[in-house]
$ cat coords_22.cif   # mmCIF, C-alpha atoms (C1' of nucleotides)
data_my_file
loop_
_atom_site.label_atom_id
_atom_site.label_comp_id
_atom_site.auth_asym_id
_atom_site.auth_seq_id
_atom_site.Cartn_x
_atom_site.Cartn_y
_atom_site.Cartn_z
CA MET A 1 82.30 94.07 105.37
CA LYS A 2 86.07 94.02 105.44
CA TYR A 3 88.69 95.18 107.87
CA TRP A 4 91.80 97.21 107.11
CA LEU A 5 94.75 98.92 108.65
CA MET A 6 96.08 102.24 107.42
CA LYS A 7 99.36 103.78 108.51
CA SER A 8 99.98 107.43 108.98
CA GLU A 9 102.73 109.44 110.56
CA PRO A 10 101.24 111.42 113.43
CA ASP A 11 103.60 114.31 112.73
CA VAL A 12 102.07 114.56 109.27
CA PHE A 13 98.48 113.46 109.80
CA GLY A 14 97.48 111.68 113.00
CA ILE A 15 94.12 110.59 114.34
CA ASP A 16 93.71 113.91 116.12
CA ASP A 17 94.01 115.64 112.76
CA LEU A 18 91.25 113.41 111.40
CA ILE A 19 89.02 114.40 114.33
CA LYS A 20 89.52 118.07 113.46
CA MET A 21 88.54 117.71 109.81
CA PRO A 22 85.12 118.87 108.61
CA LYS A 23 82.72 115.96 109.16
CA GLN A 24 85.76 114.22 110.71
CA THR A 25 86.41 112.93 107.22
CA GLU A 26 89.48 113.07 105.00
CA HIS A 27 90.65 111.69 101.68
CA TRP A 28 93.59 109.33 101.99
CA ASP A 29 95.89 110.94 99.47
CA GLY A 30 99.53 110.43 98.65
CA VAL A 31 99.67 106.65 98.51
CA ARG A 32 102.16 105.83 95.76
CA ASN A 33 102.39 102.08 96.01
CA TYR A 34 100.62 99.79 93.56
CA GLN A 35 99.50 97.14 96.01
CA ALA A 36 97.99 99.73 98.31
CA ARG A 37 96.49 101.50 95.32
CA ASN A 38 94.80 98.33 94.13
CA MET A 39 93.21 97.75 97.50
CA MET A 40 91.84 101.27 97.68
CA ARG A 41 90.65 101.22 94.09
CA ASP A 42 89.15 97.73 93.99
CA GLU A 43 88.49 96.31 97.39
CA MET A 44 87.62 98.91 99.98
CA LYS A 45 83.89 99.47 100.30
CA VAL A 46 81.72 101.96 102.16
CA GLY A 47 81.29 100.76 105.70
CA ASP A 48 84.55 98.83 105.89
CA GLN A 49 86.31 99.33 109.20
CA VAL A 50 89.84 100.66 109.46
CA PHE A 51 92.45 100.53 112.19
CA PHE A 52 94.25 103.87 112.32
CA TYR A 53 97.94 103.16 112.86
CA HIS A 54 100.61 105.65 113.84
CA SER A 55 103.98 104.92 112.25
CA ASN A 56 107.43 106.43 112.34
CA CYS A 57 106.93 107.92 115.78
CA LYS A 58 107.84 107.43 119.40
CA GLU A 59 105.17 104.85 120.13
CA PRO A 60 104.07 103.06 116.94
CA GLY A 61 100.72 101.33 117.25
CA ILE A 62 96.99 101.31 116.61
CA VAL A 63 95.30 104.38 118.04
CA GLY A 64 91.69 104.05 116.95
CA ILE A 65 89.11 103.22 114.32
CA ALA A 66 87.85 104.90 111.17
CA GLU A 67 85.51 103.75 108.44
CA VAL A 68 85.38 104.01 104.68
CA VAL A 69 82.79 106.55 103.54
CA GLN A 70 83.80 106.96 99.90
CA GLU A 71 85.06 104.23 97.65
CA GLY A 72 88.11 104.48 95.41
CA TYR A 73 88.43 107.52 93.15
CA PRO A 74 91.39 109.22 91.48
CA ASP A 75 93.95 110.82 93.78
CA PHE A 76 93.83 114.37 92.46
CA THR A 77 96.94 115.39 94.38
CA ALA A 78 98.90 113.54 91.69
CA PHE A 79 97.74 116.15 89.14
CA ASP A 80 99.02 119.24 90.96
CA PRO A 81 102.49 120.19 89.71
CA ASN A 82 103.04 122.28 92.82
CA GLY A 83 101.93 119.63 95.28
CA LYS A 84 104.27 117.29 97.06
CA TYR A 85 102.40 114.26 95.74
CA TYR A 86 102.62 115.33 92.11
CA ASP A 87 103.21 112.50 89.65
CA PRO A 88 103.54 113.58 86.02
CA LYS A 89 102.81 110.03 84.94
CA SER A 90 99.31 110.15 86.36
CA ASP A 91 96.99 111.52 83.69
CA PRO A 92 93.55 112.82 84.71
CA ASP A 93 92.14 110.83 81.77
CA ASN A 94 93.87 107.71 82.95
CA PRO A 95 94.72 108.17 86.62
CA ARG A 96 97.47 106.08 88.10
CA TRP A 97 96.69 106.66 91.78
CA PHE A 98 93.50 106.24 93.76
CA MET A 99 92.28 107.04 97.23
CA VAL A 100 89.31 106.54 99.52
CA ASP A 101 87.69 108.81 102.07
CA ILE A 102 87.64 107.73 105.68
CA ARG A 103 85.70 109.10 108.63
CA TYR A 104 86.69 109.05 112.27
CA VAL A 105 84.82 106.51 114.38
CA ARG A 106 86.56 106.47 117.73
CA LYS A 107 89.86 106.70 119.48
CA PHE A 108 91.09 103.92 121.71
CA LYS A 109 91.49 104.63 125.40
CA ARG A 110 95.16 103.90 124.86
CA THR A 111 97.54 103.09 122.04
CA ILE A 112 97.75 99.39 121.33
CA THR A 113 101.45 99.35 120.63
CA LEU A 114 103.35 97.50 117.98
CA THR A 115 105.48 96.02 120.75
CA GLU A 116 102.53 94.36 122.44
CA LEU A 117 101.00 93.19 119.16
CA LYS A 118 104.24 91.36 118.45
CA GLU A 119 103.96 89.53 121.75
CA LYS A 120 100.61 87.92 120.93
CA LYS A 121 100.67 84.43 119.54
CA THR A 122 97.24 84.92 117.95
CA LEU A 123 98.67 87.71 115.81
CA GLN A 124 101.91 86.11 114.78
CA ASN A 125 100.98 85.86 111.10
CA MET A 126 99.30 89.25 110.93
CA ARG A 127 100.31 91.20 107.83
CA LEU A 128 101.43 94.19 109.85
CA LEU A 129 103.97 92.09 111.67
CA ALA A 130 105.44 90.38 108.64
CA ARG A 131 109.13 90.93 108.17
CA GLY A 132 109.99 93.99 106.18
CA ASN A 133 106.39 94.96 105.71
CA ARG A 134 106.05 98.48 104.38
CA LEU A 135 102.53 98.56 102.99
CA SER A 136 100.63 101.59 104.20
CA VAL A 137 97.24 100.04 103.50
CA MET A 138 96.62 96.39 104.29
CA PRO A 139 93.79 93.98 105.02
CA VAL A 140 93.19 92.72 108.56
CA GLU A 141 91.62 89.34 109.22
CA LYS A 142 88.44 89.45 111.27
CA LYS A 143 89.88 87.16 113.92
CA HIS A 144 92.82 89.53 114.32
CA TRP A 145 90.53 92.54 114.37
CA ASP A 146 88.39 91.04 117.13
CA PHE A 147 91.39 89.95 119.13
CA ILE A 148 93.00 93.39 118.95
CA LEU A 149 89.79 95.07 120.08
CA LYS A 150 89.89 92.93 123.21
CA GLN A 151 93.32 94.29 124.09
CA GLU A 152 92.03 97.82 124.55
CA LYS A 153 90.46 97.79 128.03
"C1'" DG B 1 113.88 90.51 81.06
"C1'" DC B 2 117.78 91.07 84.22
"C1'" DC B 3 119.70 93.45 87.83
"C1'" DA B 4 122.39 97.32 89.89
"C1'" DA B 5 121.50 101.67 91.66
"C1'" DC B 6 118.69 104.46 93.99
"C1'" DG B 7 114.90 106.27 96.95
"C1'" DT B 8 111.66 105.37 100.64
"C1'" DT B 9 109.73 103.29 104.76
"C1'" DG B 10 109.70 102.78 109.40
"C1'" DG B 11 111.44 100.46 113.66
"C1'" DC B 12 114.92 101.12 116.76
"C1'" DG C 1 120.40 109.20 112.82
"C1'" DC C 2 121.12 104.44 111.36
"C1'" DC C 3 120.14 100.91 108.44
"C1'" DA C 4 117.58 96.70 106.74
"C1'" DA C 5 114.08 95.70 103.70
"C1'" DC C 6 111.71 96.62 99.91
"C1'" DG C 7 109.80 98.92 95.49
"C1'" DT C 8 110.95 101.34 91.36
"C1'" DT C 9 113.79 102.87 87.63
"C1'" DG C 10 116.49 102.51 83.71
"C1'" DG C 11 120.59 100.82 81.11
"C1'" DC C 12 121.79 97.00 78.63
#
$ encode --input "coords_22.cif" --output "structure tokens"
Amino acid sequence: MKYWLMKSEPDVFGIDDLIKMPKQTEHWDGVRNYQARNMMRDEMKVGDQVFFYHSNCKEPGIVGIAEVVQEGYPDFTAFDPNGKYYDPKSDPDNPRWFMVDIRYVRKFKRTITLTELKEKKTLQNMRLLARGNRLSVMPVEKKHWDFILKQEK
DNA sequence: GCCAACGTTGGC
DNA sequence: GCCAACGTTGGC
């Protein structure tokens, strides 16, 4: 089993929106970055655990946990000419973009903020904290995952 | 294949 | 709202 971190803007789709979905499950559409696409298409497996991260907001940080319930399949929002994620270069017969489905697991008692993550020596080479990092889907090392969980209390 | 221009991300 | 960092596009 692997560990991941997925970013989302709470004004667009936050963890509370995930909780409200039928079966508390949603497809992770709209990712238009090849590295992130490759991870969703090739590496994420059912049962993998995901940190749900809120970005571009007042208090950026990890707010809870979700898990992968459906492995990579074509992102159909790329096929809808009227949708905001439409990409004419993605052909249904040869899809360019992929997504996974994730299900809500639990919300942390508090947000583990980006600010405090940066302060931890153990996490100093975490992908999320790398300079200029803009990936919206990224792997998390188990040692980092375990360490972050301990910060919740 | 290089690289300038442009668009996007996301913290602050 | 600013802007640094980065990815993508497209002319050559």
$ interface_residues --input "coords_22.cif" --of "chain A" --to "chain B" --cutoff "9 Å" --atoms "all atoms listed in the file" --output "number ranges by chain"
A: 55-57, 60, 134-135
$ atom_distance --input "coords_22.cif" --atom1 "atom CA of A:Met138" --atom2 "atom CA of A:Gln35"
8.8 Å
$ axis_aligned_box --input "coords_22.cif" --around "chain B" --padding-each-side "3 Å" --output "JSON"
{"center_x": 116.0, "center_y": 98.4, "center_z": 98.9, "size_x": 18.7, "size_y": 21.8, "size_z": 41.7}
$ atom_distance --input "coords_22.cif" --atom1 "atom CA of A:Lys89" --atom2 "atom CA of A:Met40"
19.0 Å
$ atom_distance --input "coords_22.cif" --atom1 "atom CA of A:Asp16" --atom2 "atom CA of A:Ile112"
15.9 Å
$ resolve_selection --input "coords_22.cif" --expression "the PyMOL selection byres ((chain A and resi 74) around 7)" --output "JSON, numbers by chain"
{"A": [72, 73, 75, 76, 95, 97, 98, 99]}
$ resolve_selection --input "coords_22.cif" --expression "the PyMOL selection byres ((chain A and resi 118-133) around 9)" --output "mmCIF file with C-alpha atoms (C1' of nucleotides), in the coordinates of the input"
data_model
loop_
_atom_site.group_PDB
_atom_site.id
_atom_site.type_symbol
_atom_site.label_atom_id
_atom_site.label_comp_id
_atom_site.auth_asym_id
_atom_site.auth_seq_id
_atom_site.Cartn_x
_atom_site.Cartn_y
_atom_site.Cartn_z
ATOM 1 C CA LEU A 5 94.750 98.920 108.650
ATOM 2 C CA THR A 113 101.450 99.350 120.630
ATOM 3 C CA LEU A 114 103.350 97.500 117.980
ATOM 4 C CA THR A 115 105.480 96.020 120.750
ATOM 5 C CA GLU A 116 102.530 94.360 122.440
ATOM 6 C CA LEU A 117 101.000 93.190 119.160
ATOM 7 C CA ARG A 134 106.050 98.480 104.380
ATOM 8 C CA LEU A 135 102.530 98.560 102.990
ATOM 9 C CA SER A 136 100.630 101.590 104.200
ATOM 10 C CA MET A 138 96.620 96.390 104.290
ATOM 11 C CA PRO A 139 93.790 93.980 105.020
ATOM 12 C CA VAL A 140 93.190 92.720 108.560
ATOM 13 C CA GLU A 141 91.620 89.340 109.220
ATOM 14 C CA LYS A 143 89.880 87.160 113.920
ATOM 15 C CA HIS A 144 92.820 89.530 114.320
ATOM 16 C CA PHE A 147 91.390 89.950 119.130
ATOM 17 C CA ILE A 148 93.000 93.390 118.950
ATOM 18 C "C1'" DA C 4 117.580 96.700 106.740
ATOM 19 C "C1'" DA C 5 114.080 95.700 103.700
ATOM 20 C "C1'" DC C 6 111.710 96.620 99.910
#
$ closest_residue --input "coords_22.cif" --among "A:Gln24, A:Val137, A:Leu149, A:Gly30" --to "A:Asp80" --atoms "all atoms listed in the file"
A:Gly30
$ closest_residue --input "coords_22.cif" --among "A:Ala36, A:Ile62, A:Met1, A:Met6" --to "A:Lys109" --atoms "all atoms listed in the file"
A:Ile62
$ closest_residue --input "coords_22.cif" --among "A:Val12, A:Val68, A:Ala78, A:Val100" --to "A:Val46" --atoms "only C-alpha atoms"
A:Val68
$ build_atoms --input "coords_22.cif" --residues "stretch 109-120 of chain A" --atoms "all heavy atoms" --output "PDB file, keeping the file's coordinate frame"
ATOM      1  N   LYS A 109      91.153 104.034 124.110  1.00  0.00           N
ATOM      2  CA  LYS A 109      91.490 104.630 125.400  1.00  0.00           C
ATOM      3  C   LYS A 109      92.999 104.752 125.548  1.00  0.00           C
ATOM      4  O   LYS A 109      93.510 105.562 126.306  1.00  0.00           O
ATOM      5  CB  LYS A 109      90.945 103.774 126.542  1.00  0.00           C
ATOM      6  CG  LYS A 109      89.432 103.655 126.546  1.00  0.00           C
ATOM      7  CD  LYS A 109      88.973 102.983 127.852  1.00  0.00           C
ATOM      8  CE  LYS A 109      87.567 102.415 127.718  1.00  0.00           C
ATOM      9  NZ  LYS A 109      87.546 101.062 127.100  1.00  0.00           N
ATOM     10  N   ARG A 110      93.698 103.880 124.816  1.00  0.00           N
ATOM     11  CA  ARG A 110      95.160 103.900 124.860  1.00  0.00           C
ATOM     12  C   ARG A 110      95.678 103.378 123.529  1.00  0.00           C
ATOM     13  O   ARG A 110      94.945 102.747 122.775  1.00  0.00           O
ATOM     14  CB  ARG A 110      95.672 103.014 125.999  1.00  0.00           C
ATOM     15  CG  ARG A 110      95.307 101.547 125.776  1.00  0.00           C
ATOM     16  CD  ARG A 110      95.722 100.653 126.931  1.00  0.00           C
ATOM     17  NE  ARG A 110      95.582  99.244 126.563  1.00  0.00           N
ATOM     18  CZ  ARG A 110      96.524  98.549 125.925  1.00  0.00           C
ATOM     19  NH1 ARG A 110      97.660  99.120 125.602  1.00  0.00           N
ATOM     20  NH2 ARG A 110      96.340  97.275 125.597  1.00  0.00           N
ATOM     21  N   THR A 111      96.941 103.633 123.255  1.00  0.00           N
ATOM     22  CA  THR A 111      97.540 103.090 122.040  1.00  0.00           C
ATOM     23  C   THR A 111      97.833 101.613 122.244  1.00  0.00           C
ATOM     24  O   THR A 111      98.434 101.230 123.251  1.00  0.00           O
ATOM     25  CB  THR A 111      98.862 103.818 121.734  1.00  0.00           C
ATOM     26  OG1 THR A 111      98.581 105.197 121.531  1.00  0.00           O
ATOM     27  CG2 THR A 111      99.514 103.255 120.483  1.00  0.00           C
ATOM     28  N   ILE A 112      97.379 100.801 121.307  1.00  0.00           N
ATOM     29  CA  ILE A 112      97.750  99.390 121.330  1.00  0.00           C
ATOM     30  C   ILE A 112      99.036  99.290 120.536  1.00  0.00           C
ATOM     31  O   ILE A 112      99.038  99.386 119.308  1.00  0.00           O
ATOM     32  CB  ILE A 112      96.628  98.517 120.739  1.00  0.00           C
ATOM     33  CG1 ILE A 112      95.361  98.731 121.586  1.00  0.00           C
ATOM     34  CG2 ILE A 112      97.036  97.052 120.722  1.00  0.00           C
ATOM     35  CD1 ILE A 112      94.135  98.035 121.063  1.00  0.00           C
ATOM     36  N   THR A 113     100.136  99.159 121.246  1.00  0.00           N
ATOM     37  CA  THR A 113     101.450  99.350 120.630  1.00  0.00           C
ATOM     38  C   THR A 113     101.889  98.177 119.769  1.00  0.00           C
ATOM     39  O   THR A 113     101.493  97.032 119.982  1.00  0.00           O
ATOM     40  CB  THR A 113     102.522  99.569 121.712  1.00  0.00           C
ATOM     41  OG1 THR A 113     102.648  98.365 122.488  1.00  0.00           O
ATOM     42  CG2 THR A 113     102.158 100.724 122.626  1.00  0.00           C
ATOM     43  N   LEU A 114     102.747  98.515 118.825  1.00  0.00           N
ATOM     44  CA  LEU A 114     103.350  97.500 117.980  1.00  0.00           C
ATOM     45  C   LEU A 114     104.066  96.448 118.832  1.00  0.00           C
ATOM     46  O   LEU A 114     103.978  95.251 118.566  1.00  0.00           O
ATOM     47  CB  LEU A 114     104.349  98.172 117.021  1.00  0.00           C
ATOM     48  CG  LEU A 114     105.115  97.248 116.084  1.00  0.00           C
ATOM     49  CD1 LEU A 114     104.165  96.519 115.152  1.00  0.00           C
ATOM     50  CD2 LEU A 114     106.147  98.032 115.297  1.00  0.00           C
ATOM     51  N   THR A 115     104.747  96.921 119.856  1.00  0.00           N
ATOM     52  CA  THR A 115     105.480  96.020 120.750  1.00  0.00           C
ATOM     53  C   THR A 115     104.559  94.946 121.334  1.00  0.00           C
ATOM     54  O   THR A 115     104.878  93.765 121.329  1.00  0.00           O
ATOM     55  CB  THR A 115     106.117  96.819 121.900  1.00  0.00           C
ATOM     56  OG1 THR A 115     106.840  97.906 121.347  1.00  0.00           O
ATOM     57  CG2 THR A 115     107.031  95.943 122.719  1.00  0.00           C
ATOM     58  N   GLU A 116     103.401  95.365 121.822  1.00  0.00           N
ATOM     59  CA  GLU A 116     102.530  94.360 122.440  1.00  0.00           C
ATOM     60  C   GLU A 116     101.851  93.481 121.390  1.00  0.00           C
ATOM     61  O   GLU A 116     101.600  92.304 121.634  1.00  0.00           O
ATOM     62  CB  GLU A 116     101.518  95.003 123.395  1.00  0.00           C
ATOM     63  CG  GLU A 116     100.434  95.811 122.739  1.00  0.00           C
ATOM     64  CD  GLU A 116      99.463  96.384 123.772  1.00  0.00           C
ATOM     65  OE1 GLU A 116      98.645  95.640 124.349  1.00  0.00           O
ATOM     66  OE2 GLU A 116      99.529  97.598 124.002  1.00  0.00           O
ATOM     67  N   LEU A 117     101.577  94.021 120.218  1.00  0.00           N
ATOM     68  CA  LEU A 117     101.000  93.190 119.160  1.00  0.00           C
ATOM     69  C   LEU A 117     101.948  92.049 118.813  1.00  0.00           C
ATOM     70  O   LEU A 117     101.537  90.914 118.599  1.00  0.00           O
ATOM     71  CB  LEU A 117     100.723  94.038 117.906  1.00  0.00           C
ATOM     72  CG  LEU A 117      99.656  95.116 118.027  1.00  0.00           C
ATOM     73  CD1 LEU A 117      99.582  95.923 116.734  1.00  0.00           C
ATOM     74  CD2 LEU A 117      98.294  94.529 118.348  1.00  0.00           C
ATOM     75  N   LYS A 118     103.221  92.374 118.781  1.00  0.00           N
ATOM     76  CA  LYS A 118     104.240  91.360 118.450  1.00  0.00           C
ATOM     77  C   LYS A 118     104.297  90.236 119.473  1.00  0.00           C
ATOM     78  O   LYS A 118     104.751  89.134 119.167  1.00  0.00           O
ATOM     79  CB  LYS A 118     105.618  92.018 118.371  1.00  0.00           C
ATOM     80  CG  LYS A 118     105.867  92.800 117.110  1.00  0.00           C
ATOM     81  CD  LYS A 118     107.257  93.421 117.195  1.00  0.00           C
ATOM     82  CE  LYS A 118     107.635  94.139 115.930  1.00  0.00           C
ATOM     83  NZ  LYS A 118     108.849  94.976 116.147  1.00  0.00           N
ATOM     84  N   GLU A 119     103.868  90.537 120.683  1.00  0.00           N
ATOM     85  CA  GLU A 119     103.960  89.530 121.750  1.00  0.00           C
ATOM     86  C   GLU A 119     102.840  88.500 121.698  1.00  0.00           C
ATOM     87  O   GLU A 119     102.902  87.487 122.380  1.00  0.00           O
ATOM     88  CB  GLU A 119     103.920  90.239 123.127  1.00  0.00           C
ATOM     89  CG  GLU A 119     105.191  91.001 123.449  1.00  0.00           C
ATOM     90  CD  GLU A 119     104.997  91.955 124.629  1.00  0.00           C
ATOM     91  OE1 GLU A 119     103.857  92.033 125.158  1.00  0.00           O
ATOM     92  OE2 GLU A 119     105.981  92.615 125.008  1.00  0.00           O
ATOM     93  N   LYS A 120     101.780  88.793 120.912  1.00  0.00           N
ATOM     94  CA  LYS A 120     100.610  87.920 120.930  1.00  0.00           C
ATOM     95  C   LYS A 120     100.715  86.787 119.925  1.00  0.00           C
ATOM     96  O   LYS A 120     100.860  87.032 118.733  1.00  0.00           O
ATOM     97  CB  LYS A 120      99.347  88.736 120.625  1.00  0.00           C
ATOM     98  CG  LYS A 120      99.160  89.964 121.493  1.00  0.00           C
ATOM     99  CD  LYS A 120      98.931  89.607 122.942  1.00  0.00           C
ATOM    100  CE  LYS A 120      98.670  90.884 123.734  1.00  0.00           C
ATOM    101  NZ  LYS A 120      98.882  90.703 125.172  1.00  0.00           N
TER     102      LYS A 120
END
